[in-house]
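K.L.:
I am sharing protein02.pdb, which consists of PDB, C-alpha atoms, pLDDT in the B column:
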MODEL        1
ATOM      1  CA  MET G  36     -57.094 -31.940   2.798  1.00 46.00           C
ATOM      2  CA  ALA G  37     -55.549 -33.856  -0.104  1.00 49.00           C
ATOM      3  CA  LEU G  38     -51.859 -34.603  -0.052  1.00 49.00           C
ATOM      4  CA  SER G  39     -51.427 -32.584  -3.227  1.00 47.00           C
ATOM      5  CA  ASP G  40     -52.847 -29.543  -1.444  1.00 51.00           C
ATOM      6  CA  LEU G  41     -50.428 -30.037   1.435  1.00 49.00           C
ATOM      7  CA  LEU G  42     -47.519 -30.390  -0.947  1.00 48.00           C
ATOM      8  CA  TYR G  43     -48.098 -27.573  -3.412  1.00 46.00           C
ATOM      9  CA  PRO G  44     -51.480 -25.852  -3.098  1.00 50.00           C
ATOM     10  CA  ASP G  45     -50.897 -23.735  -6.201  1.00 44.00           C
ATOM     11  CA  ASN G  46     -49.550 -26.512  -8.391  1.00 45.00           C
ATOM     12  CA  PRO G  47     -51.004 -30.044  -8.286  1.00 50.00           C
ATOM     13  CA  LYS G  48     -48.602 -31.029 -11.065  1.00 56.00           C
ATOM     14  CA  ARG G  49     -45.852 -30.980  -8.451  1.00 58.00           C
ATOM     15  CA  LYS G  50     -46.888 -34.544  -7.577  1.00 60.00           C
ATOM     16  CA  GLN G  51     -45.470 -35.849 -10.823  1.00 66.00           C
ATOM     17  CA  GLU G  52     -42.496 -33.512 -10.593  1.00 68.00           C
ATOM     18  CA  LEU G  53     -41.560 -34.837  -7.160  1.00 68.00           C
ATOM     19  CA  ILE G  54     -41.659 -38.424  -8.405  1.00 71.00           C
ATOM     20  CA  HIS G  55     -39.612 -37.419 -11.436  1.00 76.00           C
ATOM     21  CA  LEU G  56     -36.994 -35.795  -9.196  1.00 77.00           C
ATOM     22  CA  HIS G  57     -36.740 -38.964  -7.130  1.00 77.00           C
ATOM     23  CA  GLN G  58     -36.380 -41.136 -10.230  1.00 81.00           C
ATOM     24  CA  GLU G  59     -33.676 -38.811 -11.580  1.00 85.00           C
ATOM     25  CA  LEU G  60     -31.778 -39.181  -8.325  1.00 84.00           C
ATOM     26  CA  LEU G  61     -31.970 -42.975  -8.517  1.00 85.00           C
ATOM     27  CA  ASP G  62     -30.938 -43.023 -12.184  1.00 89.00           C
ATOM     28  CA  CYS G  63     -27.958 -40.809 -11.404  1.00 90.00           C
ATOM     29  CA  MET G  64     -26.922 -43.036  -8.507  1.00 90.00           C
ATOM     30  CA  SER G  65     -27.271 -46.146 -10.674  1.00 92.00           C
ATOM     31  CA  THR G  66     -25.010 -44.659 -13.353  1.00 94.00           C
ATOM     32  CA  ASN G  67     -22.427 -43.781 -10.706  1.00 94.00           C
ATOM     33  CA  PHE G  68     -22.494 -47.350  -9.401  1.00 95.00           C
ATOM     34  CA  HIS G  69     -21.848 -48.612 -12.941  1.00 95.00           C
ATOM     35  CA  ALA G  70     -19.021 -46.121 -13.601  1.00 94.00           C
ATOM     36  CA  THR G  71     -17.410 -46.920 -10.255  1.00 95.00           C
ATOM     37  CA  ASN G  72     -17.463 -50.630 -11.043  1.00 96.00           C
ATOM     38  CA  GLU G  73     -15.750 -49.947 -14.368  1.00 94.00           C
ATOM     39  CA  LEU G  74     -12.906 -48.208 -12.538  1.00 93.00           C
ATOM     40  CA  VAL G  75     -12.804 -50.975  -9.927  1.00 95.00           C
ATOM     41  CA  GLY G  76     -12.466 -53.522 -12.729  1.00 94.00           C
ATOM     42  CA  VAL G  77      -9.498 -51.650 -14.191  1.00 92.00           C
ATOM     43  CA  LEU G  78      -7.787 -51.344 -10.801  1.00 92.00           C
ATOM     44  CA  ASN G  79      -8.319 -55.016  -9.991  1.00 93.00           C
ATOM     45  CA  GLU G  80      -7.212 -56.306 -13.385  1.00 89.00           C
ATOM     46  CA  HIS G  81      -4.209 -54.105 -14.033  1.00 87.00           C
ATOM     47  CA  LEU G  82      -2.972 -52.937 -10.631  1.00 87.00           C
ATOM     48  CA  GLY G  83      -3.571 -56.033  -8.539  1.00 87.00           C
ATOM     49  CA  CYS G  84      -6.220 -54.442  -6.332  1.00 90.00           C
ATOM     50  CA  THR G  85      -8.937 -56.514  -4.690  1.00 93.00           C
ATOM     51  CA  ILE G  86     -11.795 -54.034  -4.460  1.00 95.00           C
ATOM     52  CA  THR G  87     -15.212 -55.675  -4.377  1.00 95.00           C
ATOM     53  CA  PRO G  88     -17.658 -54.416  -7.049  1.00 96.00           C
ATOM     54  CA  ILE G  89     -20.826 -52.810  -5.728  1.00 95.00           C
ATOM     55  CA  GLU G  90     -24.497 -52.827  -6.615  1.00 93.00           C
ATOM     56  CA  MET G  91     -27.487 -50.777  -5.570  1.00 91.00           C
ATOM     57  CA  ARG G  92     -29.588 -52.495  -2.929  1.00 88.00           C
ATOM     58  CA  GLU G  93     -33.229 -52.170  -3.802  1.00 81.00           C
ATOM     59  CA  SER G  94     -34.299 -53.073  -0.277  1.00 80.00           C
ATOM     60  CA  SER G  95     -32.206 -50.271   1.219  1.00 84.00           C
ATOM     61  CA  THR G  96     -32.647 -46.545   1.616  1.00 83.00           C
ATOM     62  CA  VAL G  97     -31.014 -43.767  -0.365  1.00 83.00           C
ATOM     63  CA  LYS G  98     -28.702 -43.127   2.595  1.00 86.00           C
ATOM     64  CA  GLU G  99     -27.605 -46.758   2.795  1.00 90.00           C
ATOM     65  CA  ASN G 100     -26.831 -46.833  -0.923  1.00 89.00           C
ATOM     66  CA  CYS G 101     -24.912 -43.566  -0.610  1.00 91.00           C
ATOM     67  CA  GLU G 102     -22.822 -45.206   2.105  1.00 93.00           C
ATOM     68  CA  ILE G 103     -22.096 -48.204  -0.152  1.00 93.00           C
ATOM     69  CA  ILE G 104     -20.650 -46.074  -2.937  1.00 93.00           C
ATOM     70  CA  ILE G 105     -18.837 -43.738  -0.521  1.00 93.00           C
ATOM     71  CA  GLN G 106     -17.062 -46.738   0.987  1.00 94.00           C
ATOM     72  CA  VAL G 107     -15.730 -47.990  -2.342  1.00 95.00           C
ATOM     73  CA  MET G 108     -14.777 -44.447  -3.423  1.00 93.00           C
ATOM     74  CA  ASN G 109     -12.744 -44.111  -0.250  1.00 93.00           C
ATOM     75  CA  GLU G 110     -11.102 -47.438  -1.052  1.00 94.00           C
ATOM     76  CA  ILE G 111     -10.235 -46.238  -4.563  1.00 92.00           C
ATOM     77  CA  GLN G 112      -8.688 -43.084  -3.095  1.00 91.00           C
ATOM     78  CA  HIS G 113      -6.710 -45.249  -0.672  1.00 93.00           C
ATOM     79  CA  GLN G 114      -5.353 -47.367  -3.540  1.00 91.00           C
ATOM     80  CA  VAL G 115      -4.290 -44.273  -5.488  1.00 89.00           C
ATOM     81  CA  GLN G 116      -2.520 -42.971  -2.381  1.00 91.00           C
ATOM     82  CA  LYS G 117      -0.822 -46.357  -1.973  1.00 91.00           C
ATOM     83  CA  ILE G 118       0.441 -46.213  -5.562  1.00 89.00           C
ATOM     84  CA  ASP G 119       1.833 -42.757  -4.874  1.00 91.00           C
ATOM     85  CA  SER G 120       3.544 -44.011  -1.695  1.00 93.00           C
ATOM     86  CA  ASP G 121       5.081 -46.952  -3.557  1.00 90.00           C
ATOM     87  CA  MET G 122       6.428 -44.613  -6.210  1.00 89.00           C
ATOM     88  CA  LYS G 123       7.841 -42.245  -3.614  1.00 91.00           C
ATOM     89  CA  ASP G 124       9.482 -45.049  -1.624  1.00 91.00           C
ATOM     90  CA  LYS G 125      11.104 -46.806  -4.565  1.00 89.00           C
ATOM     91  CA  LEU G 126      12.120 -43.930  -6.807  1.00 89.00           C
ATOM     92  CA  GLU G 127      14.844 -41.375  -6.469  1.00 91.00           C
ATOM     93  CA  PRO G 128      13.357 -37.944  -5.692  1.00 91.00           C
ATOM     94  CA  VAL G 129      14.187 -36.639  -9.167  1.00 92.00           C
ATOM     95  CA  LEU G 130      12.334 -39.500 -10.875  1.00 90.00           C
ATOM     96  CA  TYR G 131       9.398 -39.231  -8.485  1.00 91.00           C
ATOM     97  CA  GLN G 132       9.017 -35.535  -9.292  1.00 92.00           C
ATOM     98  CA  LYS G 133       8.983 -36.356 -12.989  1.00 90.00           C
ATOM     99  CA  LEU G 134       5.733 -38.289 -12.504  1.00 89.00           C
ATOM    100  CA  TYR G 135       3.983 -35.039 -11.618  1.00 88.00           C
ATOM    101  CA  ASP G 136       5.816 -32.756 -14.037  1.00 89.00           C
ATOM    102  CA  ILE G 137       3.303 -31.687 -16.684  1.00 85.00           C
ATOM    103  CA  LYS G 138       6.171 -30.972 -19.084  1.00 88.00           C
ATOM    104  CA  GLU G 139       7.487 -34.528 -18.842  1.00 89.00           C
ATOM    105  CA  PRO G 140       6.460 -36.799 -21.762  1.00 90.00           C
ATOM    106  CA  GLU G 141       3.826 -39.320 -20.710  1.00 87.00           C
ATOM    107  CA  LEU G 142       5.764 -42.210 -22.230  1.00 88.00           C
ATOM    108  CA  GLU G 143       8.665 -41.383 -19.941  1.00 91.00           C
ATOM    109  CA  LYS G 144       6.348 -41.337 -16.934  1.00 90.00           C
ATOM    110  CA  ILE G 145       4.890 -44.707 -17.930  1.00 88.00           C
ATOM    111  CA  ALA G 146       8.405 -46.163 -18.238  1.00 90.00           C
ATOM    112  CA  ILE G 147       9.242 -44.922 -14.734  1.00 89.00           C
ATOM    113  CA  ALA G 148       6.036 -46.358 -13.273  1.00 89.00           C
ATOM    114  CA  GLN G 149       6.576 -49.674 -15.050  1.00 87.00           C
ATOM    115  CA  ARG G 150       9.999 -49.926 -13.437  1.00 86.00           C
ATOM    116  CA  VAL G 151       8.445 -49.582  -9.969  1.00 86.00           C
ATOM    117  CA  PHE G 152       5.687 -52.084 -10.664  1.00 83.00           C
ATOM    118  CA  SER G 153       8.287 -54.579 -11.902  1.00 84.00           C
ATOM    119  CA  ILE G 154       9.941 -54.330  -8.487  1.00 81.00           C
ATOM    120  CA  ILE G 155       6.633 -54.741  -6.636  1.00 77.00           C
ATOM    121  CA  PHE G 156       4.996 -57.445  -8.747  1.00 71.00           C
ATOM    122  CA  GLY G 157       8.019 -59.049 -10.377  1.00 71.00           C
ATOM    123  CA  GLU G 158       6.673 -57.960 -13.754  1.00 69.00           C
ATOM    124  CA  ALA G 159       4.466 -55.182 -15.037  1.00 64.00           C
ATOM    125  CA  THR G 160       2.657 -54.315 -18.237  1.00 74.00           C
ATOM    126  CA  SER G 161       2.696 -50.931 -19.884  1.00 81.00           C
ATOM    127  CA  THR G 162      -1.082 -50.882 -19.374  1.00 85.00           C
ATOM    128  CA  ALA G 163      -0.660 -51.101 -15.593  1.00 86.00           C
ATOM    129  CA  ALA G 164       1.897 -48.306 -15.670  1.00 87.00           C
ATOM    130  CA  MET G 165      -0.329 -46.196 -17.912  1.00 87.00           C
ATOM    131  CA  VAL G 166      -3.305 -46.638 -15.555  1.00 87.00           C
ATOM    132  CA  ALA G 167      -1.161 -45.659 -12.589  1.00 87.00           C
ATOM    133  CA  ILE G 168       0.138 -42.534 -14.312  1.00 87.00           C
ATOM    134  CA  LYS G 169      -3.367 -41.574 -15.388  1.00 85.00           C
ATOM    135  CA  LEU G 170      -4.667 -41.921 -11.835  1.00 86.00           C
ATOM    136  CA  LEU G 171      -1.724 -40.127 -10.226  1.00 84.00           C
ATOM    137  CA  GLY G 172      -1.785 -37.281 -12.713  1.00 80.00           C
ATOM    138  CA  SER G 173      -5.543 -36.846 -12.862  1.00 74.00           C
ATOM    139  CA  ASN G 174      -6.378 -34.019 -10.502  1.00 72.00           C
ATOM    140  CA  HIS G 175      -9.724 -33.988 -12.296  1.00 71.00           C
ATOM    141  CA  LEU G 176     -10.567 -37.513 -11.123  1.00 79.00           C
ATOM    142  CA  THR G 177      -9.272 -36.872  -7.617  1.00 79.00           C
ATOM    143  CA  LEU G 178     -11.313 -33.693  -7.257  1.00 82.00           C
ATOM    144  CA  THR G 179     -14.493 -35.189  -8.717  1.00 85.00           C
ATOM    145  CA  VAL G 180     -14.290 -38.204  -6.390  1.00 88.00           C
ATOM    146  CA  SER G 181     -13.844 -35.932  -3.381  1.00 87.00           C
ATOM    147  CA  LYS G 182     -16.701 -33.682  -4.516  1.00 87.00           C
ATOM    148  CA  LEU G 183     -19.034 -36.615  -5.107  1.00 89.00           C
ATOM    149  CA  ILE G 184     -18.222 -38.185  -1.738  1.00 88.00           C
ATOM    150  CA  GLY G 185     -19.190 -34.911  -0.072  1.00 88.00           C
ATOM    151  CA  LEU G 186     -22.468 -34.644  -1.994  1.00 87.00           C
ATOM    152  CA  LEU G 187     -23.380 -38.273  -1.330  1.00 87.00           C
ATOM    153  CA  ALA G 188     -22.819 -37.683   2.372  1.00 87.00           C
ATOM    154  CA  GLN G 189     -25.070 -34.609   2.234  1.00 85.00           C
ATOM    155  CA  ILE G 190     -27.806 -36.516   0.406  1.00 81.00           C
ATOM    156  CA  GLY G 191     -27.630 -39.355   2.917  1.00 79.00           C
ATOM    157  CA  ALA G 192     -27.930 -36.918   5.805  1.00 79.00           C
ATOM    158  CA  SER G 193     -30.777 -34.942   4.212  1.00 72.00           C
ATOM    159  CA  VAL G 194     -34.506 -35.625   4.201  1.00 61.00           C
ATOM    160  CA  LEU G 195     -33.909 -37.828   1.141  1.00 65.00           C
ATOM    161  CA  GLY G 196     -31.747 -40.273   3.042  1.00 71.00           C
ATOM    162  CA  GLY G 197     -34.532 -42.261   4.659  1.00 69.00           C
ATOM    163  CA  VAL G 198     -36.444 -42.887   1.428  1.00 68.00           C
ATOM    164  CA  SER G 199     -36.359 -46.405   0.032  1.00 68.00           C
ATOM    165  CA  ILE G 200     -35.140 -46.787  -3.547  1.00 64.00           C
ATOM    166  CA  THR G 201     -37.859 -49.373  -4.336  1.00 60.00           C
ATOM    167  CA  ILE G 202     -40.843 -47.056  -4.283  1.00 53.00           C
ATOM    168  CA  ILE G 203     -41.039 -46.457  -8.036  1.00 48.00           C
ATOM    169  CA  GLY G 204     -43.789 -48.642  -9.411  1.00 50.00           C
ATOM    170  CA  LEU G 205     -46.095 -48.066  -6.479  1.00 50.00           C
ATOM    171  CA  GLY G 206     -49.246 -45.999  -6.808  1.00 51.00           C
ATOM    172  CA  LEU G 207     -48.898 -42.232  -7.020  1.00 50.00           C
ATOM    173  CA  GLU G 208     -50.173 -41.475  -3.530  1.00 54.00           C
ATOM    174  CA  MET G 209     -48.138 -44.340  -2.015  1.00 53.00           C
ATOM    175  CA  ILE G 210     -44.983 -42.977  -3.655  1.00 55.00           C
ATOM    176  CA  LEU G 211     -45.591 -39.532  -2.246  1.00 58.00           C
ATOM    177  CA  HIS G 212     -46.298 -40.972   1.195  1.00 59.00           C
ATOM    178  CA  ALA G 213     -43.088 -43.024   0.994  1.00 56.00           C
ATOM    179  CA  ILE G 214     -41.007 -40.005   0.027  1.00 56.00           C
ATOM    180  CA  LEU G 215     -42.545 -37.713   2.588  1.00 55.00           C
ATOM    181  CA  GLY G 216     -43.607 -40.195   5.242  1.00 51.00           C
ATOM    182  CA  ALA G 217     -40.770 -39.433   7.626  1.00 42.00           C
ATOM    183  CA  VAL G 218     -41.111 -35.698   7.214  1.00 47.00           C
ATOM    184  CA  GLU G 219     -43.378 -33.448   9.220  1.00 46.00           C
ATOM    185  CA  ARG G 220     -46.085 -31.791   7.141  1.00 46.00           C
ATOM    186  CA  SER G 221     -44.636 -28.408   7.932  1.00 46.00           C
ATOM    187  CA  GLN G 222     -41.411 -29.536   6.234  1.00 53.00           C
ATOM    188  CA  LEU G 223     -42.904 -30.642   2.923  1.00 54.00           C
ATOM    189  CA  LEU G 224     -41.629 -27.636   1.004  1.00 60.00           C
ATOM    190  CA  THR G 225     -38.204 -28.121   2.559  1.00 63.00           C
ATOM    191  CA  ALA G 226     -38.211 -31.744   1.389  1.00 62.00           C
ATOM    192  CA  VAL G 227     -39.020 -30.841  -2.196  1.00 67.00           C
ATOM    193  CA  ARG G 228     -36.490 -28.027  -2.299  1.00 73.00           C
ATOM    194  CA  SER G 229     -33.903 -30.399  -0.861  1.00 70.00           C
ATOM    195  CA  TYR G 230     -34.534 -32.765  -3.769  1.00 73.00           C
ATOM    196  CA  GLU G 231     -34.126 -29.971  -6.293  1.00 80.00           C
ATOM    197  CA  LYS G 232     -30.969 -28.543  -4.704  1.00 80.00           C
ATOM    198  CA  HIS G 233     -29.191 -31.838  -4.111  1.00 79.00           C
ATOM    199  CA  LEU G 234     -30.156 -33.278  -7.469  1.00 85.00           C
ATOM    200  CA  ALA G 235     -28.807 -30.288  -9.412  1.00 88.00           C
ATOM    201  CA  GLU G 236     -25.431 -30.458  -7.645  1.00 89.00           C
ATOM    202  CA  PHE G 237     -25.341 -34.246  -7.740  1.00 89.00           C
ATOM    203  CA  LYS G 238     -26.015 -34.475 -11.482  1.00 91.00           C
ATOM    204  CA  THR G 239     -23.271 -31.991 -12.305  1.00 91.00           C
ATOM    205  CA  ALA G 240     -20.700 -33.714 -10.099  1.00 90.00           C
ATOM    206  CA  SER G 241     -21.760 -37.148 -11.366  1.00 92.00           C
ATOM    207  CA  GLU G 242     -21.276 -36.164 -14.997  1.00 92.00           C
ATOM    208  CA  LYS G 243     -17.741 -34.950 -14.245  1.00 90.00           C
ATOM    209  CA  TYR G 244     -17.015 -38.123 -12.262  1.00 90.00           C
ATOM    210  CA  GLN G 245     -18.241 -40.371 -15.065  1.00 92.00           C
ATOM    211  CA  ARG G 246     -16.239 -38.457 -17.693  1.00 90.00           C
ATOM    212  CA  ALA G 247     -13.073 -38.731 -15.583  1.00 88.00           C
ATOM    213  CA  ILE G 248     -13.521 -42.491 -15.249  1.00 90.00           C
ATOM    214  CA  HIS G 249     -14.264 -42.813 -18.963  1.00 90.00           C
ATOM    215  CA  GLU G 250     -10.920 -41.140 -19.739  1.00 86.00           C
ATOM    216  CA  VAL G 251      -9.128 -43.902 -17.825  1.00 86.00           C
ATOM    217  CA  THR G 252     -11.181 -46.856 -19.042  1.00 87.00           C
ATOM    218  CA  SER G 253     -11.151 -45.752 -22.696  1.00 87.00           C
ATOM    219  CA  LEU G 254      -7.354 -45.482 -22.622  1.00 81.00           C
ATOM    220  CA  VAL G 255      -7.151 -48.982 -21.209  1.00 80.00           C
ATOM    221  CA  ARG G 256      -9.397 -50.346 -23.945  1.00 79.00           C
ATOM    222  CA  GLN G 257      -7.247 -48.680 -26.602  1.00 78.00           C
ATOM    223  CA  GLN G 258      -4.080 -50.050 -25.010  1.00 71.00           C
ATOM    224  CA  VAL G 259      -5.234 -53.682 -24.925  1.00 62.00           C
ATOM    225  CA  GLN G 260      -6.657 -53.727 -28.466  1.00 60.00           C
TER
ENDMDL
END
Would you mind writing the file out in structure tokens?
P.N.:
Amino acid sequence: MALSDLLYPDNPKRKQELIHLHQELLDCMSTNFHATNELVGVLNEHLGCTITPIEMRESSTVKENCEIIIQVMNEIQHQVQKIDSDMKDKLEPVLYQKLYDIKEPELEKIAIAQRVFSIIFGEATSTAAMVAIKLLGSNHLTLTVSKLIGLLAQIGASVLGGVSITIIGLGLEMILHAILGAVERSQLLTAVRSYEKHLAEFKTASEKYQRAIHEVTSLVRQQVQ
């Protein structure tokens, strides 16, 4: 029996659809790597962080690449938490609360943050303070990072995790074998549905994540011009 019959007996076109789903997943991951590196660049340049930029490893599996980006996302979260701790330790409680008061003017928050960074680094730019305030006050970014970490972990643990990211460019049947090679034939439908389910959630979360990062990086670009 042909592989197409095993996969979707009623719809041979599912071959191309499955490959398209896989390529969409890789494209989405690639964009997230790029967006993450943009945020890493801002943190390193303006807040004195030393986070190593990341890149997709073509010789690795989807799971291994998920783990790469999860690791740096966790590091970003750690740096944001460290900024918050520094602010809490060095500010009077009233000033610290102002940083999270939505009614407080942002310029006032930036001035407060700049004062703390001047103590820590000896000097501080308004750009550094603005980045810190944006990160501390952005529940949107915090939530999207947490959501994306969870989805990446799910993808890595799913039937997609063991698939190499280098299979695009191979022949059609070889691609299908690579995607489904580690899966029992009785689980083929489960594999395809897993792609569809995870990809839909992943794309939505990724778009929110990329928008949240763009808000920070675009502000930085405006500030330094």
K.L.:
Skipping near chain neighbours, those fewer than 4 positions away, what residues fall within 8 Å of segment 232-249 of chain G using all atoms listed in the file, listed as a list of chain:residue names?
P.N.:
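Here the qualifying residues turn out to be G:Leu56, G:Glu59, G:Leu60, G:Cys63, G:Asn67, G:Ala70, G:Thr71, G:Glu73, G:Leu74, G:His175, G:Leu176, G:Thr179, G:Val180, G:Lys182, G:Leu183, G:Leu186, G:Leu187, G:Ile190, G:Arg228, G:Ser253.
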K.L.:
Could those selected residues go to a file with C-alpha atoms, as a short mmCIF file (atom, residue, chain, number, x, y, z; two decimals), keeping the file's coordinate frame?
P.N.:
data_model
loop_
_atom_site.label_atom_id
_atom_site.label_comp_id
_atom_site.auth_asym_id
_atom_site.auth_seq_id
_atom_site.Cartn_x
_atom_site.Cartn_y
_atom_site.Cartn_z
CA LEU G 56 -36.99 -35.80 -9.20
CA GLU G 59 -33.68 -38.81 -11.58
CA LEU G 60 -31.78 -39.18 -8.32
CA CYS G 63 -27.96 -40.81 -11.40
CA ASN G 67 -22.43 -43.78 -10.71
CA ALA G 70 -19.02 -46.12 -13.60
CA THR G 71 -17.41 -46.92 -10.26
CA GLU G 73 -15.75 -49.95 -14.37
CA LEU G 74 -12.91 -48.21 -12.54
CA HIS G 175 -9.72 -33.99 -12.30
CA LEU G 176 -10.57 -37.51 -11.12
CA THR G 179 -14.49 -35.19 -8.72
CA VAL G 180 -14.29 -38.20 -6.39
CA LYS G 182 -16.70 -33.68 -4.52
CA LEU G 183 -19.03 -36.62 -5.11
CA LEU G 186 -22.47 -34.64 -1.99
CA LEU G 187 -23.38 -38.27 -1.33
CA ILE G 190 -27.81 -36.52 0.41
CA ARG G 228 -36.49 -28.03 -2.30
CA SER G 253 -11.15 -45.75 -22.70
#
K.L.:
Which distance in Å separates atom CA of Arg92 of chain G and atom CA of Thr252 of chain G, to one decimal?
P.N.:
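For atom CA of Arg92 of chain G relative to atom CA of Thr252 of chain G, the distance reads 25.1 Å.
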K.L.:
Taking the file as shown, find all residues satisfying the PyMOL selection byres ((chain G and resi 144) around 10) and write them as a list in words.
P.N.:
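For this structure, the PyMOL selection byres ((chain G and resi 144) around 10) resolves to Leu130, Tyr131, Gln132, Lys133, Leu134, Tyr135, Asp136, Glu139, Pro140, Glu141, Leu142, Glu143, Ile145, Ala146, Ile147, Ala148, Gln149, Arg150, Ala164, Met165, Ala167, Ile168 and Lys169 of chain G.
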K.L.:
Go ahead and dump the residues you just picked, C-alpha atoms, as a short mmCIF file (atom, residue, chain, number, x, y, z; two decimals), in the frame of the given file.
P.N.:
data_model
loop_
_atom_site.label_atom_id
_atom_site.label_comp_id
_atom_site.auth_asym_id
_atom_site.auth_seq_id
_atom_site.Cartn_x
_atom_site.Cartn_y
_atom_site.Cartn_z
CA LEU G 130 12.33 -39.50 -10.88
CA TYR G 131 9.40 -39.23 -8.48
CA GLN G 132 9.02 -35.53 -9.29
CA LYS G 133 8.98 -36.36 -12.99
CA LEU G 134 5.73 -38.29 -12.50
CA TYR G 135 3.98 -35.04 -11.62
CA ASP G 136 5.82 -32.76 -14.04
CA GLU G 139 7.49 -34.53 -18.84
CA PRO G 140 6.46 -36.80 -21.76
CA GLU G 141 3.83 -39.32 -20.71
CA LEU G 142 5.76 -42.21 -22.23
CA GLU G 143 8.66 -41.38 -19.94
CA ILE G 145 4.89 -44.71 -17.93
CA ALA G 146 8.40 -46.16 -18.24
CA ILE G 147 9.24 -44.92 -14.73
CA ALA G 148 6.04 -46.36 -13.27
CA GLN G 149 6.58 -49.67 -15.05
CA ARG G 150 10.00 -49.93 -13.44
CA ALA G 164 1.90 -48.31 -15.67
CA MET G 165 -0.33 -46.20 -17.91
CA ALA G 167 -1.16 -45.66 -12.59
CA ILE G 168 0.14 -42.53 -14.31
CA LYS G 169 -3.37 -41.57 -15.39
#
K.L.:
Please provide the set of residues having any atom within 7 Å of Lys98 of chain G, restricted to all atoms listed in the file, with same-chain residues fewer than 2 positions apart removed, written as a ChimeraX atom specification.
P.N.:
/G:96,100-102,191,196-197
K.L.:
To one decimal place in Å, what is the distance between atom CA of Ile104 of chain G and atom CA of Thr162 of chain G?
P.N.:
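So the answer is 26.0 Å.
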K.L.:
Spell out the residues picked by the PyMOL selection byres ((chain G and resi 107) around 10) here, as JSON, numbers by chain.
P.N.:
{"G": [68, 71, 72, 75, 86, 87, 88, 89, 102, 103, 104, 105, 106, 108, 109, 110, 111, 112, 113]}
K.L.:
Please produce an output containing C-alpha atoms for each residue in the selection, written as a short mmCIF file (atom, residue, chain, number, x, y, z; two decimals), in the frame of the given file.
P.N.:
data_model
loop_
_atom_site.label_atom_id
_atom_site.label_comp_id
_atom_site.auth_asym_id
_atom_site.auth_seq_id
_atom_site.Cartn_x
_atom_site.Cartn_y
_atom_site.Cartn_z
CA PHE G 68 -22.49 -47.35 -9.40
CA THR G 71 -17.41 -46.92 -10.26
CA ASN G 72 -17.46 -50.63 -11.04
CA VAL G 75 -12.80 -50.98 -9.93
CA ILE G 86 -11.80 -54.03 -4.46
CA THR G 87 -15.21 -55.68 -4.38
CA PRO G 88 -17.66 -54.42 -7.05
CA ILE G 89 -20.83 -52.81 -5.73
CA GLU G 102 -22.82 -45.21 2.10
CA ILE G 103 -22.10 -48.20 -0.15
CA ILE G 104 -20.65 -46.07 -2.94
CA ILE G 105 -18.84 -43.74 -0.52
CA GLN G 106 -17.06 -46.74 0.99
CA MET G 108 -14.78 -44.45 -3.42
CA ASN G 109 -12.74 -44.11 -0.25
CA GLU G 110 -11.10 -47.44 -1.05
CA ILE G 111 -10.24 -46.24 -4.56
CA GLN G 112 -8.69 -43.08 -3.10
CA HIS G 113 -6.71 -45.25 -0.67
#
K.L.:
If I wrap all listed atoms of segment 238-249 of chain G in a box with edges along x, y and z and add 4 Å on each side, what are its centre and edge lengths in Å to one decimal, as AutoDock Vina command-line options?
P.N.:
--center_x -19.5 --center_y -37.4 --center_z -14.5 --size_x 20.9 --size_y 18.8 --size_z 16.9
K.L.:
Could you tell me how far atom CA of Ser193 of chain G sits from atom CA of Glu93 of chain G, in Å to one decimal place?
P.N.:
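Computing the Euclidean distance for atom CA of Glu93 of chain G and atom CA of Ser193 of chain G yields 19.2 Å.
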